[in-house]
Amino acid sequence: MAGKLLSTWAAASEKPEILYWVGCAASFDDRAQRVAQAFVRLLEAAGVRWGILGSEETCTGDPAKRAGNDFLFQMLALQNIQTLKNYEVQEIVATCPHCFNTLKNEYPQLGGNFKVWHHSQYLVKLIREGRLRLTQDRKKERVVFHDPCYLGRANGEYEAPRFLLRAVGMSAIESPRSKDFSLCCGAGGAQMFKEPEPGRKDINIERTEELLSLSPQTIAVGCPFCMTMITDGVKHLGATDKTRVRDIAEILAEYLGLSET
């Protein structure tokens with residue numbers, strides 16, 4: 001994912017401001033790649049000097065750690081930490097809350113101390129600094145935000161994505177279970193990779209039904225796993241003609257006229 005300002009960190013002619021941690025989802029999943037591309041267009045519109053590790057980026061080790069394989073997690077983490085230190089990386093932005101949480105809260109225990117942002121937080125920063133200038137136009141659209149577990153409960157960040165939705169003028173509504181009490185989409189509990197327990201409804205269907213009951217035009221997400229689970233739920237319930245599932249970066253990019261043509 002080479003931008004017009006910078007490509008890989010190693011090839012940069014000057015030290016970038018931030019490292020964009022692409023993550024496994026945006027590396028291999030077509031839908032997540034569209035989110036990453038929207039985020040990069042926003043960085044370029046703001047004049048941010050950014051870079052990526054490219055082929056030197058490996059998994060953060062989050063799935064291994066959650067599965068109980070701490071040895072594999074430490075191997076991956078130590079390799080990444082050494083690479084980041086070699087390039088003197090100081091600030092990292094991730095579009096995946098799982099990567100964000102691992103880099104921010106678990107790498108320091110292994111000597112990896114970096115300033116880590118979720119992309120919603122960094123986009124708010126760019127707006128407040130005047131590097132992303134909002135227009136006076138407003139999106140007349142009813143939206144509900146689904147809180148990712150590793151952004152919300154794990155890190156206490158609820159305001160940044162909602163700030164972005166308000167900034168573009170969307171009519172944000174809250175789910176009965178939101179913020180601290182938000183219902184997980186299921187991916188963080190490995191339901192993305194297995195069948196549900198006997199006698200239980202798929203958790204992503206349960207969550208999607210709850211969100212669709214609010215009659216939103218858009219379900220906003222901030223996590224590639226939530227994107228997959230909620231999108232599958234909307235398809236399963238036959239609501240694709242009424243409700244879109246979109247990442248906050250895509251919503252902001254569209255509002256600023258930066259959508260891919």
# chains A, B, ... in the order shown; residues from 1 in each chain; ligands from 1

$ closest_atom_pairs --of "stretch 148-258 of chain A" --to "stretch 16-30 of chain A" --cutoff "10 Å" --atoms "only C-alpha atoms" --output "Markdown table"
| residue | atom | partner | partner_atom | distance |
| --- | --- | --- | --- | --- |
| A:Cys223 | CA | A:Ala25 | CA | 9.6 |
| A:Pro224 | CA | A:Ala25 | CA | 6.5 |
| A:Phe225 | CA | A:Ala25 | CA | 8.0 |
| A:Thr228 | CA | A:Asp29 | CA | 9.7 |

$ write_last_selection --atoms "C-alpha atoms" --output "short mmCIF file (atom, residue, chain, number, x, y, z; two decimals), in the first residue's frame"
data_model
loop_
_atom_site.label_atom_id
_atom_site.label_comp_id
_atom_site.auth_asym_id
_atom_site.auth_seq_id
_atom_site.Cartn_x
_atom_site.Cartn_y
_atom_site.Cartn_z
CA CYS A 223 -12.62 -2.75 13.43
CA PRO A 224 -12.07 -5.14 10.49
CA PHE A 225 -13.40 -8.09 12.48
CA THR A 228 -16.90 -8.89 8.71
#

$ residues_around --residues "stretch 102-105 of chain A" --least-positions-apart "5" --cutoff "12 Å" --atoms "only C-alpha atoms" --output "ChimeraX atom specification"
/A:21,23,59-66,73-74,76-78,80-81,84,90-94,96-97,110-118,150-151,154-155

$ write_last_selection --atoms "C-alpha atoms" --output "short mmCIF file (atom, residue, chain, number, x, y, z; two decimals), in the first residue's frame"
data_model
loop_
_atom_site.label_atom_id
_atom_site.label_comp_id
_atom_site.auth_asym_id
_atom_site.auth_seq_id
_atom_site.Cartn_x
_atom_site.Cartn_y
_atom_site.Cartn_z
CA TRP A 21 0.41 -0.56 11.06
CA GLY A 23 -2.33 -5.48 10.08
CA CYS A 59 1.37 -10.30 12.88
CA THR A 60 1.41 -8.53 16.23
CA GLY A 61 0.87 -11.90 17.90
CA ASP A 62 -2.56 -11.00 19.24
CA PRO A 63 -4.34 -14.18 17.96
CA ALA A 64 -1.60 -16.39 19.39
CA LYS A 65 -1.80 -14.70 22.78
CA ARG A 66 -5.61 -14.91 22.92
CA PHE A 73 3.25 -14.20 20.88
CA GLN A 74 6.58 -13.24 22.44
CA LEU A 76 6.39 -12.31 17.05
CA ALA A 77 6.34 -9.31 19.39
CA LEU A 78 10.10 -9.27 19.94
CA ASN A 80 8.37 -6.55 15.57
CA ILE A 81 9.81 -4.50 18.41
CA LEU A 84 10.39 -0.81 14.93
CA GLN A 90 7.95 6.63 17.68
CA GLU A 91 4.27 6.85 16.70
CA ILE A 92 2.06 4.10 15.28
CA VAL A 93 -1.51 4.25 13.95
CA ALA A 94 -3.59 1.08 13.53
CA CYS A 96 -7.47 -2.61 13.84
CA PRO A 97 -8.30 -2.32 17.56
CA LEU A 110 8.68 -6.62 26.25
CA GLY A 111 10.49 -3.31 25.80
CA GLY A 112 8.39 -1.88 22.97
CA ASN A 113 7.36 1.59 24.09
CA PHE A 114 5.62 3.57 21.35
CA LYS A 115 2.89 6.17 21.05
CA VAL A 116 0.00 4.16 19.60
CA TRP A 117 -3.23 5.54 18.10
CA HIS A 118 -6.39 3.93 16.85
CA TYR A 150 -10.62 -3.70 22.10
CA LEU A 151 -11.23 -0.01 21.47
CA ALA A 154 -10.25 -2.63 26.74
CA ASN A 155 -9.04 0.94 26.23
#

$ residues_around --residues "A:Val124" --least-positions-apart "4" --cutoff "7 Å" --atoms "only C-alpha atoms" --output "number ranges by chain"
A: 120, 128, 160, 164

$ select_by_dssp --residues "stretch 128-255 of chain A" --states "strand (DSSP E)" --output "number ranges by chain"
A: 142-145, 171-173, 218-221, 244-247

$ write_last_selection --atoms "N, CA and C atoms" --output "PDB file, in the first residue's frame"
ATOM      1  N   ARG A 142     -28.961   8.576   9.199  1.00  0.00           N
ATOM      2  CA  ARG A 142     -29.147   7.983  10.525  1.00  0.00           C
ATOM      3  C   ARG A 142     -28.118   6.860  10.706  1.00  0.00           C
ATOM      4  N   VAL A 143     -27.299   6.956  11.753  1.00  0.00           N
ATOM      5  CA  VAL A 143     -26.195   6.020  11.921  1.00  0.00           C
ATOM      6  C   VAL A 143     -26.123   5.537  13.365  1.00  0.00           C
ATOM      7  N   VAL A 144     -25.706   4.296  13.542  1.00  0.00           N
ATOM      8  CA  VAL A 144     -25.434   3.758  14.866  1.00  0.00           C
ATOM      9  C   VAL A 144     -24.013   3.218  14.847  1.00  0.00           C
ATOM     10  N   PHE A 145     -23.248   3.498  15.898  1.00  0.00           N
ATOM     11  CA  PHE A 145     -21.872   3.026  15.977  1.00  0.00           C
ATOM     12  C   PHE A 145     -21.799   1.780  16.853  1.00  0.00           C
ATOM     13  N   SER A 171     -26.740  11.808  12.070  1.00  0.00           N
ATOM     14  CA  SER A 171     -27.638  11.694  13.210  1.00  0.00           C
ATOM     15  C   SER A 171     -27.334  10.380  13.932  1.00  0.00           C
ATOM     16  N   ALA A 172     -26.475  10.469  14.946  1.00  0.00           N
ATOM     17  CA  ALA A 172     -26.008   9.274  15.647  1.00  0.00           C
ATOM     18  C   ALA A 172     -27.003   8.842  16.721  1.00  0.00           C
ATOM     19  N   ILE A 173     -27.321   7.576  16.701  1.00  0.00           N
ATOM     20  CA  ILE A 173     -28.199   6.991  17.712  1.00  0.00           C
ATOM     21  C   ILE A 173     -27.423   5.914  18.453  1.00  0.00           C
ATOM     22  N   THR A 218     -26.893   3.532   8.182  1.00  0.00           N
ATOM     23  CA  THR A 218     -25.508   3.076   8.232  1.00  0.00           C
ATOM     24  C   THR A 218     -25.199   2.508   9.607  1.00  0.00           C
ATOM     25  N   ILE A 219     -24.527   1.373   9.633  1.00  0.00           N
ATOM     26  CA  ILE A 219     -23.907   0.864  10.863  1.00  0.00           C
ATOM     27  C   ILE A 219     -22.426   1.181  10.736  1.00  0.00           C
ATOM     28  N   ALA A 220     -21.921   2.013  11.620  1.00  0.00           N
ATOM     29  CA  ALA A 220     -20.517   2.411  11.578  1.00  0.00           C
ATOM     30  C   ALA A 220     -19.696   1.502  12.485  1.00  0.00           C
ATOM     31  N   VAL A 221     -18.528   1.115  11.998  1.00  0.00           N
ATOM     32  CA  VAL A 221     -17.633   0.261  12.762  1.00  0.00           C
ATOM     33  C   VAL A 221     -16.235   0.857  12.739  1.00  0.00           C
ATOM     34  N   ARG A 244     -26.103   0.099   5.201  1.00  0.00           N
ATOM     35  CA  ARG A 244     -24.712  -0.138   4.830  1.00  0.00           C
ATOM     36  C   ARG A 244     -23.865  -0.307   6.092  1.00  0.00           C
ATOM     37  N   VAL A 245     -22.824  -1.101   5.996  1.00  0.00           N
ATOM     38  CA  VAL A 245     -21.847  -1.232   7.084  1.00  0.00           C
ATOM     39  C   VAL A 245     -20.563  -0.586   6.599  1.00  0.00           C
ATOM     40  N   ARG A 246     -20.103   0.447   7.321  1.00  0.00           N
ATOM     41  CA  ARG A 246     -18.958   1.215   6.848  1.00  0.00           C
ATOM     42  C   ARG A 246     -18.056   1.580   8.010  1.00  0.00           C
ATOM     43  N   ASP A 247     -16.768   1.602   7.731  1.00  0.00           N
ATOM     44  CA  ASP A 247     -15.793   2.058   8.724  1.00  0.00           C
ATOM     45  C   ASP A 247     -15.830   3.581   8.819  1.00  0.00           C
TER      46      ASP A 247
END

$ residues_around --residues "A:Leu134" --least-positions-apart "2" --cutoff "12 Å" --atoms "only C-alpha atoms" --output "PDB file with C-alpha atoms, in the first residue's frame"
ATOM      1  CA  LEU A  42      -7.223  10.960   4.566  1.00  0.00           C
ATOM      2  CA  ALA A  45      -5.216  14.959   2.294  1.00  0.00           C
ATOM      3  CA  ALA A  46      -3.898  16.107   5.673  1.00  0.00           C
ATOM      4  CA  LEU A 123      -8.330  11.417  12.642  1.00  0.00           C
ATOM      5  CA  VAL A 124      -9.794  13.477  15.491  1.00  0.00           C
ATOM      6  CA  LEU A 126      -5.919  15.858  12.480  1.00  0.00           C
ATOM      7  CA  ILE A 127      -9.280  17.652  12.531  1.00  0.00           C
ATOM      8  CA  ARG A 128      -8.497  19.519  15.768  1.00  0.00           C
ATOM      9  CA  GLU A 129      -5.118  20.586  14.392  1.00  0.00           C
ATOM     10  CA  GLY A 130      -6.807  21.914  11.249  1.00  0.00           C
ATOM     11  CA  ARG A 131      -4.970  19.520   8.958  1.00  0.00           C
ATOM     12  CA  LEU A 132      -8.258  17.970   7.858  1.00  0.00           C
ATOM     13  CA  GLN A 136     -20.248  23.012   6.009  1.00  0.00           C
ATOM     14  CA  ASP A 137     -22.130  20.234   4.264  1.00  0.00           C
ATOM     15  CA  ARG A 138     -23.886  17.727   6.476  1.00  0.00           C
ATOM     16  CA  LYS A 139     -24.711  14.101   5.799  1.00  0.00           C
ATOM     17  CA  LEU A 164     -16.164  11.926  13.801  1.00  0.00           C
ATOM     18  CA  LEU A 165     -19.782  10.978  13.130  1.00  0.00           C
ATOM     19  CA  ARG A 166     -21.008  14.216  14.695  1.00  0.00           C
ATOM     20  CA  ALA A 167     -18.384  16.183  12.761  1.00  0.00           C
ATOM     21  CA  VAL A 168     -19.882  15.129   9.439  1.00  0.00           C
ATOM     22  CA  GLY A 169     -23.374  15.893  10.710  1.00  0.00           C
ATOM     23  CA  LEU A 252     -15.070  10.657   6.665  1.00  0.00           C
ATOM     24  CA  ALA A 253     -13.343  10.110   3.314  1.00  0.00           C
ATOM     25  CA  GLU A 254     -16.684  10.136   1.491  1.00  0.00           C
ATOM     26  CA  TYR A 255     -17.740  13.294   3.330  1.00  0.00           C
ATOM     27  CA  LEU A 256     -14.531  15.046   2.256  1.00  0.00           C
ATOM     28  CA  GLY A 257     -14.883  13.905  -1.343  1.00  0.00           C
TER      29      GLY A 257
END

$ select_by_dssp --residues "stretch 23-148 of chain A" --states "helix (DSSP H, G or I)" --output "JSON, numbers by chain"
{"A": [23, 24, 25, 26, 27, 28, 30, 31, 32, 33, 34, 35, 36, 37, 38, 39, 40, 41, 42, 43, 44, 45, 54, 55, 56, 62, 63, 64, 65, 66, 70, 71, 72, 73, 74, 75, 76, 77, 78, 79, 80, 81, 82, 83, 84, 85, 86, 97, 98, 99, 100, 101, 102, 103, 104, 105, 106, 107, 108, 109, 110, 119, 120, 121, 122, 123, 124, 125, 126, 127, 128]}

$ atom_distance --atom1 "atom CA of A:Glu159" --atom2 "atom CA of A:Leu53"
29.2 Å

$ closest_residue --among "A:Gln121, A:Gln217, A:Asn204, A:Ser259" --to "A:Ala38" --atoms "only C-alpha atoms"
A:Ser259

$ atom_distance --atom1 "atom CA of A:Gly54" --atom2 "atom CA of A:Pro108"
22.5 Å
